[in-house]
file final-v4.txt (compact mmCIF, C-alpha atoms)
# COMPACT_ATOMS: atom_id res chain seq x y z
CA MET A 5 -5.99 9.35 -15.63
CA LYS A 6 -3.97 6.22 -14.95
CA GLN A 7 -5.55 3.61 -12.74
CA GLY A 8 -3.28 0.58 -12.61
CA ASN A 9 -3.17 -2.82 -11.01
CA GLN A 10 -2.35 -1.52 -7.53
CA VAL A 11 -5.97 -0.49 -6.94
CA GLY A 12 -7.43 -2.88 -4.39
CA ARG A 13 -4.05 -3.98 -3.05
CA ILE A 14 -4.05 -4.83 0.65
CA TRP A 15 -1.08 -3.52 2.60
CA PRO A 16 -0.37 -5.30 5.90
CA ALA A 17 -1.19 -3.50 9.13
CA GLU A 18 1.46 -1.05 10.28
CA SER A 19 -0.22 0.12 13.47
CA SER A 20 1.28 0.17 16.92
CA VAL A 21 0.30 1.66 20.27
CA TYR A 22 2.45 3.70 22.64
CA THR A 23 2.02 6.01 25.61
CA ASP A 24 2.96 9.67 25.45
CA PRO A 25 5.84 10.06 27.94
CA ASP A 26 4.66 13.46 29.21
CA THR A 27 0.94 12.84 29.69
CA GLY A 28 0.26 9.09 29.63
CA THR A 29 -2.12 9.57 26.68
CA GLN A 30 -2.54 6.38 24.66
CA ILE A 31 -1.64 6.94 21.01
CA ARG A 32 -2.13 4.58 18.10
CA GLN A 33 0.22 5.07 15.16
CA LEU A 34 -1.66 3.96 12.03
CA THR A 35 1.07 4.18 9.37
CA GLU A 36 4.74 3.19 9.39
CA HIS A 37 6.37 3.28 5.96
CA ARG A 38 9.52 4.90 4.59
CA ALA A 39 7.43 7.58 2.93
CA HIS A 40 5.20 10.42 4.07
CA SER A 41 1.57 9.74 4.95
CA HIS A 42 -1.06 12.20 6.18
CA HIS A 43 -4.78 12.63 6.80
CA PHE A 44 -7.08 15.17 5.13
CA TYR A 45 -7.14 18.86 6.06
CA PHE A 46 -8.82 19.25 9.44
CA THR A 47 -12.07 20.69 8.00
CA ASN A 48 -12.60 17.68 5.72
CA ILE A 49 -14.14 14.36 6.71
CA GLY A 50 -11.87 11.31 6.34
CA TRP A 51 -13.73 8.67 8.34
CA HIS A 52 -16.06 6.42 6.35
CA ALA A 53 -17.84 3.04 6.51
CA GLU A 54 -19.73 4.28 9.60
CA GLY A 55 -16.50 5.36 11.24
CA THR A 56 -14.75 1.99 10.95
CA ARG A 57 -12.28 3.14 8.29
CA LEU A 58 -10.12 6.22 7.72
CA LEU A 59 -8.91 7.77 4.44
CA VAL A 60 -5.24 8.79 4.30
CA ALA A 61 -2.77 9.76 1.59
CA SER A 62 0.64 8.14 1.29
CA ASP A 63 3.65 8.62 -1.00
CA ARG A 64 4.49 4.94 -1.55
CA GLY A 65 6.24 3.77 -4.70
CA ASN A 66 7.27 7.33 -5.60
CA ALA A 67 3.64 8.32 -6.17
CA THR A 68 0.96 9.87 -3.99
CA ASN A 69 -2.21 7.79 -3.67
CA LEU A 70 -5.27 7.38 -1.49
CA TYR A 71 -5.65 4.55 1.03
CA SER A 72 -8.35 3.39 3.42
CA ILE A 73 -7.26 2.07 6.81
CA ASP A 74 -9.37 -0.58 8.53
CA LEU A 75 -9.36 0.79 12.09
CA SER A 76 -9.97 -2.67 13.51
CA SER A 77 -7.27 -4.69 11.75
CA GLY A 78 -4.97 -1.82 10.74
CA GLU A 79 -4.75 -3.07 7.15
CA LEU A 80 -4.53 -0.48 4.36
CA LEU A 81 -6.58 -0.80 1.19
CA GLN A 82 -5.08 1.07 -1.79
CA LEU A 83 -7.82 3.06 -3.53
CA THR A 84 -5.99 4.80 -6.39
CA ASP A 85 -2.97 4.23 -8.63
CA LEU A 86 -2.36 7.65 -10.18
CA ALA A 87 0.48 8.84 -12.37
CA PRO A 88 2.35 11.75 -10.74
CA LEU A 89 1.77 15.23 -12.19
CA PRO A 90 4.13 18.24 -12.18
CA LEU A 91 3.52 21.48 -10.29
CA PRO A 92 1.12 23.19 -10.04
CA ARG A 93 -1.10 20.20 -10.90
CA GLU A 94 0.59 17.74 -8.51
CA VAL A 95 -1.40 14.83 -7.11
CA GLU A 96 -2.35 15.60 -3.51
CA PHE A 97 -5.19 14.59 -1.24
CA LEU A 98 -4.81 17.16 1.53
CA ARG A 99 -7.80 19.02 0.06
CA ALA A 100 -9.85 15.90 -0.74
CA CYS A 101 -13.06 15.07 1.11
CA ALA A 102 -15.47 12.22 1.75
CA SER A 103 -19.24 12.24 1.78
CA ASP A 104 -20.95 11.79 5.13
CA THR A 105 -24.03 10.27 3.47
CA ARG A 106 -22.63 7.87 0.88
CA GLU A 107 -19.48 5.81 0.36
CA GLU A 108 -17.71 8.26 -1.92
CA ALA A 109 -14.61 10.42 -1.82
CA PHE A 110 -13.76 13.38 -4.06
CA PHE A 111 -10.45 14.83 -5.23
CA TRP A 112 -8.81 16.83 -8.02
CA TYR A 113 -6.59 15.04 -10.53
CA GLY A 114 -5.16 17.67 -12.82
CA PHE A 115 -8.12 19.64 -14.16
CA LYS A 116 -10.60 16.87 -13.35
CA LEU A 117 -12.79 16.66 -10.26
CA VAL A 118 -13.04 12.93 -9.59
CA ALA A 119 -15.51 10.85 -7.57
CA LEU A 120 -14.27 7.56 -6.11
CA ASP A 121 -16.72 4.86 -5.07
CA LEU A 122 -15.27 3.54 -1.81
CA THR A 123 -17.07 0.21 -2.22
CA THR A 124 -16.35 -0.69 -5.87
CA LEU A 125 -13.16 1.45 -6.11
CA GLN A 126 -14.37 2.77 -9.47
CA THR A 127 -13.72 6.40 -10.39
CA ARG A 128 -15.67 8.80 -12.56
CA VAL A 129 -15.04 12.36 -13.64
CA LEU A 130 -17.66 14.78 -12.35
CA TYR A 131 -16.29 17.99 -13.81
CA GLU A 132 -13.35 19.23 -15.86
CA MET A 133 -12.30 22.83 -15.51
CA GLU A 134 -10.69 24.87 -18.24
CA LYS A 135 -6.94 25.31 -18.36
CA GLY A 136 -5.60 28.42 -16.68
CA TRP A 137 -7.16 27.71 -13.28
CA ASP A 138 -5.76 26.43 -9.99
CA VAL A 139 -7.63 24.53 -7.28
CA SER A 140 -8.17 24.86 -3.55
CA MET A 141 -10.30 23.08 -0.95
CA ILE A 142 -13.32 20.95 -1.82
CA ASN A 143 -16.19 19.91 0.42
CA CYS A 144 -19.37 17.87 0.08
CA SER A 145 -22.87 19.15 0.84
CA ALA A 146 -24.71 17.71 3.84
CA ASP A 147 -27.06 15.68 1.64
CA GLY A 148 -24.23 14.35 -0.52
CA GLU A 149 -25.80 15.73 -3.69
CA HIS A 150 -23.11 18.31 -4.54
CA VAL A 151 -19.41 18.96 -4.19
CA TYR A 152 -18.30 22.57 -3.72
CA ALA A 153 -14.85 23.80 -4.71
CA SER A 154 -12.97 27.06 -5.03
CA ILE A 155 -10.74 27.73 -8.02
CA SER A 156 -8.68 30.77 -8.98
CA GLU A 157 -6.56 31.97 -11.86
CA ASP A 158 -3.32 30.02 -12.21
CA LEU A 159 -0.58 32.63 -11.82
CA SER A 160 2.38 30.22 -11.91
CA SER A 161 3.51 31.66 -15.26
CA GLN A 162 4.00 35.07 -13.59
CA PHE A 163 5.88 33.99 -10.45
CA ARG A 164 6.88 30.79 -8.72
CA VAL A 165 3.99 29.07 -6.96
CA ASP A 166 4.28 26.23 -4.45
CA TYR A 167 1.78 26.84 -1.67
CA LEU A 168 2.25 23.44 -0.04
CA ARG A 169 6.00 23.85 0.57
CA GLY A 170 6.78 27.10 2.31
CA TYR A 171 3.83 29.14 1.00
CA VAL A 172 5.88 30.08 -2.06
CA GLY A 173 3.91 32.67 -4.07
CA PHE A 174 1.30 33.01 -1.33
CA ALA A 175 1.67 36.75 -0.72
CA GLU A 176 2.15 37.41 -4.44
CA THR A 177 -1.08 35.59 -5.33
CA TRP A 178 -3.02 37.58 -2.73
CA ALA A 179 -1.60 40.87 -4.04
CA ALA A 180 -2.49 39.94 -7.65
CA MET A 181 -6.24 39.75 -6.80
CA PRO A 182 -6.92 36.76 -9.07
CA LEU A 183 -10.34 36.04 -10.49
CA SER A 184 -11.79 33.31 -8.28
CA ARG A 185 -14.90 31.14 -8.37
CA VAL A 186 -16.90 28.89 -6.10
CA LEU A 187 -18.16 25.88 -8.05
CA ARG A 188 -21.11 23.59 -7.37
CA VAL A 189 -20.82 20.19 -9.02
CA ALA A 190 -23.51 17.52 -8.85
CA THR A 191 -22.20 14.21 -7.50
CA ASP A 192 -24.20 12.34 -10.14
CA GLY A 193 -22.13 14.14 -12.80
CA SER A 194 -25.13 15.89 -14.31
CA ASP A 195 -23.91 19.48 -14.04
CA GLY A 196 -21.39 21.96 -12.71
CA GLU A 197 -21.89 25.68 -12.30
CA VAL A 198 -20.33 28.82 -10.86
CA VAL A 199 -22.28 30.03 -7.80
CA HIS A 200 -19.97 32.89 -6.84
CA GLU A 201 -17.22 34.86 -8.59
CA GLU A 202 -15.04 37.84 -7.65
CA ASN A 203 -11.59 39.36 -8.08
CA TYR A 204 -10.12 38.24 -4.78
CA TRP A 205 -8.24 35.04 -3.98
CA ILE A 206 -10.83 32.57 -2.61
CA GLY A 207 -10.00 29.44 -0.63
CA HIS A 208 -11.31 27.08 2.03
CA VAL A 209 -14.83 26.33 0.90
CA ASN A 210 -16.46 24.72 3.97
CA THR A 211 -19.99 23.32 3.73
CA SER A 212 -22.35 23.19 6.69
CA PRO A 213 -22.63 19.57 7.87
CA THR A 214 -26.41 19.93 8.33
CA GLN A 215 -27.64 22.66 5.93
CA ASN A 216 -27.48 22.05 2.20
CA ASP A 217 -27.80 25.71 1.21
CA ILE A 218 -25.09 27.30 3.36
CA LEU A 219 -21.31 27.30 3.13
CA THR A 220 -18.39 29.50 4.08
CA PHE A 221 -15.39 30.52 2.02
CA CYS A 222 -12.44 32.72 2.82
CA HIS A 223 -10.50 35.54 1.27
CA GLU A 224 -7.12 33.87 1.20
CA GLY A 225 -3.83 35.58 1.92
CA PRO A 226 -1.79 36.87 4.86
CA TRP A 227 -4.25 37.14 7.74
CA ALA A 228 -3.15 40.62 8.75
CA LYS A 229 -3.61 41.91 5.19
CA VAL A 230 -6.81 40.36 3.85
CA ASP A 231 -9.81 42.67 3.90
CA GLN A 232 -12.13 40.09 5.45
CA ARG A 233 -11.29 36.44 6.10
CA ILE A 234 -14.57 34.54 6.66
CA TRP A 235 -17.58 34.86 4.36
CA GLY A 236 -20.96 33.16 4.31
CA LEU A 237 -22.69 32.14 1.07
CA GLU A 238 -26.34 31.18 0.61
CA ILE A 239 -26.39 29.04 -2.53
CA SER A 240 -30.03 29.50 -3.52
CA THR A 241 -29.86 33.30 -3.54
CA GLY A 242 -26.14 33.98 -4.09
CA ARG A 243 -26.13 36.23 -1.03
CA VAL A 244 -22.74 36.67 0.66
CA TRP A 245 -22.01 38.25 4.03
CA LYS A 246 -19.14 38.86 6.42
CA ILE A 247 -18.58 36.57 9.39
CA ARG A 248 -16.48 37.87 12.28
CA ALA A 249 -15.18 41.02 10.63
CA PRO A 250 -11.84 41.89 12.29
CA GLU A 251 -11.30 45.09 14.21
CA GLN A 252 -8.24 47.21 13.44
CA GLY A 253 -5.11 45.18 14.16
CA GLU A 254 -6.88 41.85 14.67
CA ALA A 255 -6.28 38.66 12.67
CA VAL A 256 -8.89 35.88 12.41
CA GLY A 257 -8.85 32.50 10.68
CA HIS A 258 -8.72 28.68 10.66
CA GLU A 259 -12.52 28.70 10.56
CA TYR A 260 -14.48 25.43 10.72
CA TRP A 261 -18.04 24.25 11.33
CA HIS A 262 -19.28 22.79 14.58
CA ALA A 263 -21.10 19.47 14.17
CA ASP A 264 -24.51 21.15 14.51
CA GLY A 265 -23.97 22.99 11.21
CA GLU A 266 -25.11 26.19 12.90
CA ARG A 267 -21.97 27.55 14.51
CA ILE A 268 -18.52 28.38 13.15
CA GLY A 269 -15.37 28.14 15.24
CA TYR A 270 -12.23 30.20 14.68
CA HIS A 271 -9.28 31.66 16.50
CA GLY A 272 -7.44 34.92 16.24
CA ARG A 273 -4.90 37.39 17.49
CA ASN A 274 -5.60 40.68 19.22
CA PRO A 275 -3.71 43.89 18.36
CA ASP A 276 -1.54 43.40 21.46
CA GLY A 277 -0.51 39.92 20.31
CA THR A 278 -2.67 37.93 22.74
CA GLN A 279 -4.77 35.07 21.37
CA PHE A 280 -8.49 34.32 21.47
CA LEU A 281 -10.81 31.39 20.77
CA GLY A 282 -14.21 32.18 19.29
CA HIS A 283 -17.41 30.89 17.72
CA CYS A 284 -20.61 32.41 16.35
CA ARG A 285 -23.69 31.46 14.34
CA PHE A 286 -23.25 31.36 10.59
CA ASP A 287 -25.32 34.57 10.32
CA ASP A 288 -22.63 36.32 12.41
CA SER A 289 -24.87 36.52 15.50
CA ASP A 290 -24.42 35.18 19.05
CA ARG A 291 -20.65 35.63 19.11
CA ASP A 292 -18.61 34.25 22.01
CA GLU A 293 -14.86 34.89 22.36
CA ASN A 294 -12.32 34.28 25.09
CA SER A 295 -8.71 35.34 25.39
CA PHE A 296 -6.12 33.03 26.94
CA PRO A 297 -2.34 32.76 27.23
CA GLY A 298 -0.26 30.74 24.78
CA GLN A 299 -0.55 29.44 21.24
CA THR A 300 -3.37 27.84 19.30
CA GLY A 301 -2.14 26.64 15.92
CA HIS A 302 -4.91 24.96 13.91
CA ILE A 303 -7.96 24.29 16.07
CA HIS A 304 -11.00 22.01 15.81
CA SER A 305 -14.02 21.11 17.90
CA ASN A 306 -17.38 19.44 17.45
CA ASP A 307 -18.99 21.99 19.77
CA PRO A 308 -17.88 24.82 22.06
CA GLU A 309 -17.12 22.48 24.97
CA LEU A 310 -13.73 20.97 24.04
CA ILE A 311 -11.20 22.42 21.57
CA VAL A 312 -7.99 20.89 20.25
CA GLY A 313 -5.04 22.83 18.82
CA ASP A 314 -1.50 22.11 17.62
CA GLY A 315 0.44 25.23 18.60
CA GLY A 316 4.19 24.82 19.09
CA LYS A 317 5.24 21.19 19.48
CA LEU A 318 2.24 20.10 21.56
CA VAL A 319 -1.31 18.92 20.94
CA ARG A 320 -3.31 20.96 23.42
CA LEU A 321 -6.88 21.00 24.72
CA TRP A 322 -9.16 23.71 26.12
CA LYS A 323 -12.37 22.99 28.02
CA TRP A 324 -15.28 25.39 28.43
CA THR A 325 -16.28 26.02 32.06
CA GLY A 326 -19.42 27.99 31.27
CA GLU A 327 -17.58 31.29 31.64
CA VAL A 328 -14.02 30.84 30.30
CA TYR A 329 -11.82 28.26 28.60
CA ASN A 330 -9.74 26.24 31.03
CA GLY A 331 -6.35 25.38 29.59
CA PRO A 332 -4.49 24.76 27.54
CA ARG A 333 -3.65 21.29 28.81
CA GLN A 334 -1.25 18.97 27.05
CA LEU A 335 -2.79 15.95 25.32
CA CYS A 336 0.52 14.78 23.83
CA ARG A 337 3.61 15.90 21.99
CA HIS A 338 3.51 16.03 18.21
CA ASP A 339 7.02 17.40 17.54
CA SER A 340 6.24 17.76 13.83
CA SER A 341 8.50 19.87 11.66
CA MET A 342 5.45 21.11 9.71
CA LYS A 343 7.88 21.70 6.87
CA THR A 344 5.16 21.14 4.27
CA GLN A 345 1.37 21.42 4.43
CA GLN A 346 1.13 17.63 4.35
CA LEU A 347 3.22 17.53 7.53
CA HIS A 348 1.09 20.03 9.41
CA VAL A 349 -0.54 18.38 12.41
CA HIS A 350 -4.11 19.47 11.55
CA PRO A 351 -5.72 17.87 14.64
CA ARG A 352 -9.37 16.87 14.41
CA PHE A 353 -11.72 15.21 16.88
CA SER A 354 -13.56 12.01 16.05
CA HIS A 355 -17.35 12.39 15.93
CA ASP A 356 -17.68 11.27 19.56
CA ASN A 357 -14.76 13.35 20.92
CA THR A 358 -12.96 10.22 22.18
CA GLN A 359 -9.98 10.53 19.82
CA VAL A 360 -7.88 13.19 18.12
CA LEU A 361 -6.59 12.50 14.62
CA LEU A 362 -3.23 14.06 13.76
CA THR A 363 -0.24 13.88 11.43
CA SER A 364 3.40 14.23 12.50
CA ASP A 365 6.88 13.51 11.15
CA MET A 366 8.31 12.97 14.63
CA SER A 367 9.67 9.63 13.35
CA GLY A 368 11.39 11.27 10.38
CA TYR A 369 8.50 10.48 8.04
CA GLY A 370 4.99 11.85 8.12
CA ASN A 371 2.64 9.36 9.79
CA VAL A 372 -0.97 9.34 10.94
CA TYR A 373 -1.91 8.96 14.61
CA LEU A 374 -5.01 8.64 16.78
CA ALA A 375 -4.65 9.97 20.34
CA ARG A 376 -7.22 8.81 22.88
CA VAL A 377 -8.75 11.69 24.86
CA PRO A 378 -8.58 11.08 28.62
CA ASP A 379 -10.32 13.02 31.37
CA PHE A 380 -9.38 16.66 30.86
CA ALA A 381 -8.53 17.20 34.54
CA SER A 382 -5.94 14.40 34.39
CA LEU A 383 -3.81 16.21 31.80
CA PRO A 384 -0.92 18.51 32.73
CA THR A 385 -1.27 22.24 32.28
CA ILE A 386 0.97 24.07 29.82
CA ASP A 387 2.95 26.96 31.23
CA GLU A 388 3.87 29.53 28.58

call {"tool": "encode", "arguments": {"input": "final-v4.txt", "output": "structure tokens"}}
result
Amino acid sequence: MKQGNQVGRIWPAESSVYTDPDTGTQIRQLTEHRAHSHHFYFTNIGWHAEGTRLLVASDRGNATNLYSIDLSSGELLQLTDLAPLPLPREVEFLRACASDTREEAFFWYGFKLVALDLTTLQTRVLYEMEKGWDVSMINCSADGEHVYASISEDLSSQFRVDYLRGYVGFAETWAAMPLSRVLRVATDGSDGEVVHEENYWIGHVNTSPTQNDILTFCHEGPWAKVDQRIWGLEISTGRVWKIRAPEQGEAVGHEYWHADGERIGYHGRNPDGTQFLGHCRFDDSDRDENSFPGQTGHIHSNDPELIVGDGGKLVRLWKWTGEVYNGPRQLCRHDSSMKTQQLHVHPRFSHDNTQVLLTSDMSGYGNVYLARVPDFASLPTIDE
């Protein structure tokens, strides 16, 4: 793993502030470079240093590396200087994560799961998987003691695979039923072990933000074809169970944890094509779902009260009234092409719900933005 003399380089602030022309929402653009930049996948924490800094990836110098943005000054600190790798091992940080309890970030580099100290900028290899495997999402346990990851058989020798650009090989991988594993790797580097294994494509390992022993994973593939999307896993016992099993003709996905670590949010499509927003406890009890008109896209929320989504070309909000979801209302335009996974908007609330983090290539290049959340009632409704 190359780590050259660009580590620790300070890039001047690129941030600027503008007002969304449709809604008046104040938006801060954090990156402005003739290259694509993006934040982590919406289920993965990117804020660190007690919320004063944000981790982003950027393709500067013909290489993809990790940067930390000082949210006060706007300056970017370069954290890695990695040699590019060919498909399917390419360097990418969309699936990286940060610890919420210590100043560390975690990412795959080739077959190596790497820990990065965000204070010293030193890296160390926690785990190295055998050849013949491909990687998916990683997430850190609530106590910061373990990193969980899903891996599956690398099928790129059988058919073309490029999931990040057009889902190439996505349906074929699902149909092949690859052997997949959920890994638990100690963040002190002392051990790594398989905690779950099956012949179904596994992705999106999401750890509870408050419970060390509980996570969710998904059966990956076309939503309308997978047998069951969302699964719970109790690490200590190995017990797995279904969460929000779909009825005939339904599709459910984009699951994520609420901040309490007890509830899981998701959205879905009814057999008649209408949409719904939902959440339930991780044990699949206390389910609450509401249909509404329009699109969702990826959604995120810290609780059931306020939900953000990126359907169509708009960032949209829904607010819980106690009986139904009011909305959607337009927070701002994103106008992203979403041509690649790195250019998906993937909106996510800040911990205090005052800002929405998003990525868009509305400028021609992927950039990272923070949209300030105004009073919900002040935003225009979306007629669809």

call {"tool": "residues_around", "arguments": {"input": "final-v4.txt", "residues": "Ala249 in chain A", "least_positions_apart": "6", "cutoff": "10 Å", "atoms": "all atoms listed in the file", "output": "number ranges by chain"}}
result
A: 231-235, 255-256, 288

call {"tool": "write_last_selection", "arguments": {"input": "final-v4.txt", "atoms": "C-alpha atoms", "output": "tab-separated table (two decimals), keeping the file's coordinate frame"}}
result
chain	number	residue	atom	x	y	z
A	231	ASP	CA	-9.81	42.67	3.90
A	232	GLN	CA	-12.13	40.09	5.45
A	233	ARG	CA	-11.29	36.44	6.10
A	234	ILE	CA	-14.57	34.54	6.66
A	235	TRP	CA	-17.58	34.86	4.36
A	255	ALA	CA	-6.28	38.66	12.67
A	256	VAL	CA	-8.89	35.88	12.41
A	288	ASP	CA	-22.63	36.32	12.41

call {"tool": "residues_near_point", "arguments": {"input": "final-v4.txt", "point": "(-17.5, 12.4, 5.2)", "cutoff": "8 Å", "atoms": "all atoms listed in the file", "output": "ChimeraX atom specification"}}
result
/A:48-52,101-105,109,144

call {"tool": "residues_around", "arguments": {"input": "final-v4.txt", "residues": "Gln279 in chain A", "least_positions_apart": "3", "cutoff": "8 Å", "atoms": "only C-alpha atoms", "output": "PyMOL selection string"}}
result
chain A and resi 271-274+295-300

call {"tool": "closest_atom_pairs", "arguments": {"input": "final-v4.txt", "of": "range 42-94 of chain A", "to": "range 11-24 of chain A", "cutoff": "7 Å", "atoms": "only C-alpha atoms", "output": "JSON lines"}}
result
{"residue": "A:Ser77", "atom": "CA", "partner": "A:Ala17", "partner_atom": "CA", "distance": 6.7}
{"residue": "A:Gly78", "atom": "CA", "partner": "A:Ala17", "partner_atom": "CA", "distance": 4.4}
{"residue": "A:Glu79", "atom": "CA", "partner": "A:Ala17", "partner_atom": "CA", "distance": 4.1}
{"residue": "A:Leu80", "atom": "CA", "partner": "A:Trp15", "partner_atom": "CA", "distance": 4.9}
{"residue": "A:Leu81", "atom": "CA", "partner": "A:Ile14", "partner_atom": "CA", "distance": 4.8}
{"residue": "A:Gln82", "atom": "CA", "partner": "A:Gly12", "partner_atom": "CA", "distance": 5.3}
{"residue": "A:Leu83", "atom": "CA", "partner": "A:Val11", "partner_atom": "CA", "distance": 5.3}
{"residue": "A:Thr84", "atom": "CA", "partner": "A:Val11", "partner_atom": "CA", "distance": 5.3}
{"residue": "A:Asp85", "atom": "CA", "partner": "A:Val11", "partner_atom": "CA", "distance": 5.8}

call {"tool": "write_last_selection", "arguments": {"input": "final-v4.txt", "atoms": "C-alpha atoms", "output": "compact mmCIF listing (two decimals), keeping the file's coordinate frame"}}
result
# COMPACT_ATOMS: atom_id res chain seq x y z
CA SER A 77 -7.27 -4.69 11.75
CA GLY A 78 -4.97 -1.82 10.74
CA GLU A 79 -4.75 -3.07 7.15
CA LEU A 80 -4.53 -0.48 4.36
CA LEU A 81 -6.58 -0.80 1.19
CA GLN A 82 -5.08 1.07 -1.79
CA LEU A 83 -7.82 3.06 -3.53
CA THR A 84 -5.99 4.80 -6.39
CA ASP A 85 -2.97 4.23 -8.63

call {"tool": "residues_around", "arguments": {"input": "final-v4.txt", "residues": "range 322-335 of chain A", "least_positions_apart": "6", "cutoff": "6 Å", "atoms": "all atoms listed in the file", "output": "PyMOL selection string"}}
result
chain A and resi 309-311+383-386

call {"tool": "closest_residue", "arguments": {"input": "final-v4.txt", "among": "A:Ala39, A:Ile73, A:Leu125, A:Val118", "to": "Asn9 in chain A", "atoms": "all atoms listed in the file"}}
result
A:Leu125

call {"tool": "closest_residue", "arguments": {"input": "final-v4.txt", "among": "A:Trp227, A:Gly173, A:Val165, A:His208", "to": "Arg185 in chain A", "atoms": "all atoms listed in the file"}}
result
A:His208

call {"tool": "residues_near_point", "arguments": {"input": "final-v4.txt", "point": "(-9.2, 16.0, -8.5)", "cutoff": "9 Å", "atoms": "all atoms listed in the file", "output": "list in words"}}
result
Val95, Glu96, Phe97, Ala100, Phe110, Phe111, Trp112, Tyr113, Gly114, Phe115, Lys116, Leu117, Val118, Ala119, Val129 and Val139 of chain A

call {"tool": "write_last_selection", "arguments": {"input": "final-v4.txt", "atoms": "C-alpha atoms", "output": "tab-separated table (two decimals), in the coordinates of the input"}}
result
chain	number	residue	atom	x	y	z
A	95	VAL	CA	-1.40	14.83	-7.11
A	96	GLU	CA	-2.35	15.60	-3.51
A	97	PHE	CA	-5.19	14.59	-1.24
A	100	ALA	CA	-9.85	15.90	-0.74
A	110	PHE	CA	-13.76	13.38	-4.06
A	111	PHE	CA	-10.45	14.83	-5.23
A	112	TRP	CA	-8.81	16.83	-8.02
A	113	TYR	CA	-6.59	15.04	-10.53
A	114	GLY	CA	-5.16	17.67	-12.82
A	115	PHE	CA	-8.12	19.64	-14.16
A	116	LYS	CA	-10.60	16.87	-13.35
A	117	LEU	CA	-12.79	16.66	-10.26
A	118	VAL	CA	-13.04	12.93	-9.59
A	119	ALA	CA	-15.51	10.85	-7.57
A	129	VAL	CA	-15.04	12.36	-13.64
A	139	VAL	CA	-7.63	24.53	-7.28

call {"tool": "atom_distance", "arguments": {"input": "final-v4.txt", "atom1": "CA of Asn306 in chain A", "atom2": "CA of Ile206 in chain A"}}
result
24.9 Å

call {"tool": "atom_distance", "arguments": {"input": "final-v4.txt", "atom1": "CA of Ile155 in chain A", "atom2": "CA of Gly225 in chain A"}}
result
14.4 Å

call {"tool": "residues_around", "arguments": {"input": "final-v4.txt", "residues": "Gln345 in chain A", "least_positions_apart": "4", "cutoff": "9 Å", "atoms": "only C-alpha atoms", "output": "list in words"}}
result
Leu98, Tyr167, Leu168, Arg169, Gly170, Tyr171 and Val349 of chain A

call {"tool": "residues_around", "arguments": {"input": "final-v4.txt", "residues": "Thr191 in chain A", "least_positions_apart": "5", "cutoff": "9 Å", "atoms": "all atoms listed in the file", "output": "list in words"}}
result
Ala119, Leu130, Cys144, Gly148, Glu149, His150 and Val151 of chain A

call {"tool": "atom_distance", "arguments": {"input": "final-v4.txt", "atom1": "CA of Thr278 in chain A", "atom2": "CA of Glu259 in chain A"}}
result
18.2 Å

call {"tool": "closest_residue", "arguments": {"input": "final-v4.txt", "among": "A:Leu281, A:Thr47, A:His223, A:Phe286", "to": "Gly236 in chain A", "atoms": "all atoms listed in the file"}}
result
A:Phe286

call {"tool": "closest_residue", "arguments": {"input": "final-v4.txt", "among": "A:Met141, A:Val198, A:Ile218, A:Met181", "to": "Val230 in chain A", "atoms": "only C-alpha atoms"}}
result
A:Met181

call {"tool": "closest_residue", "arguments": {"input": "final-v4.txt", "among": "A:Thr211, A:Ser160, A:Gln359, A:Thr127", "to": "Pro182 in chain A", "atoms": "all atoms listed in the file"}}
result
A:Ser160
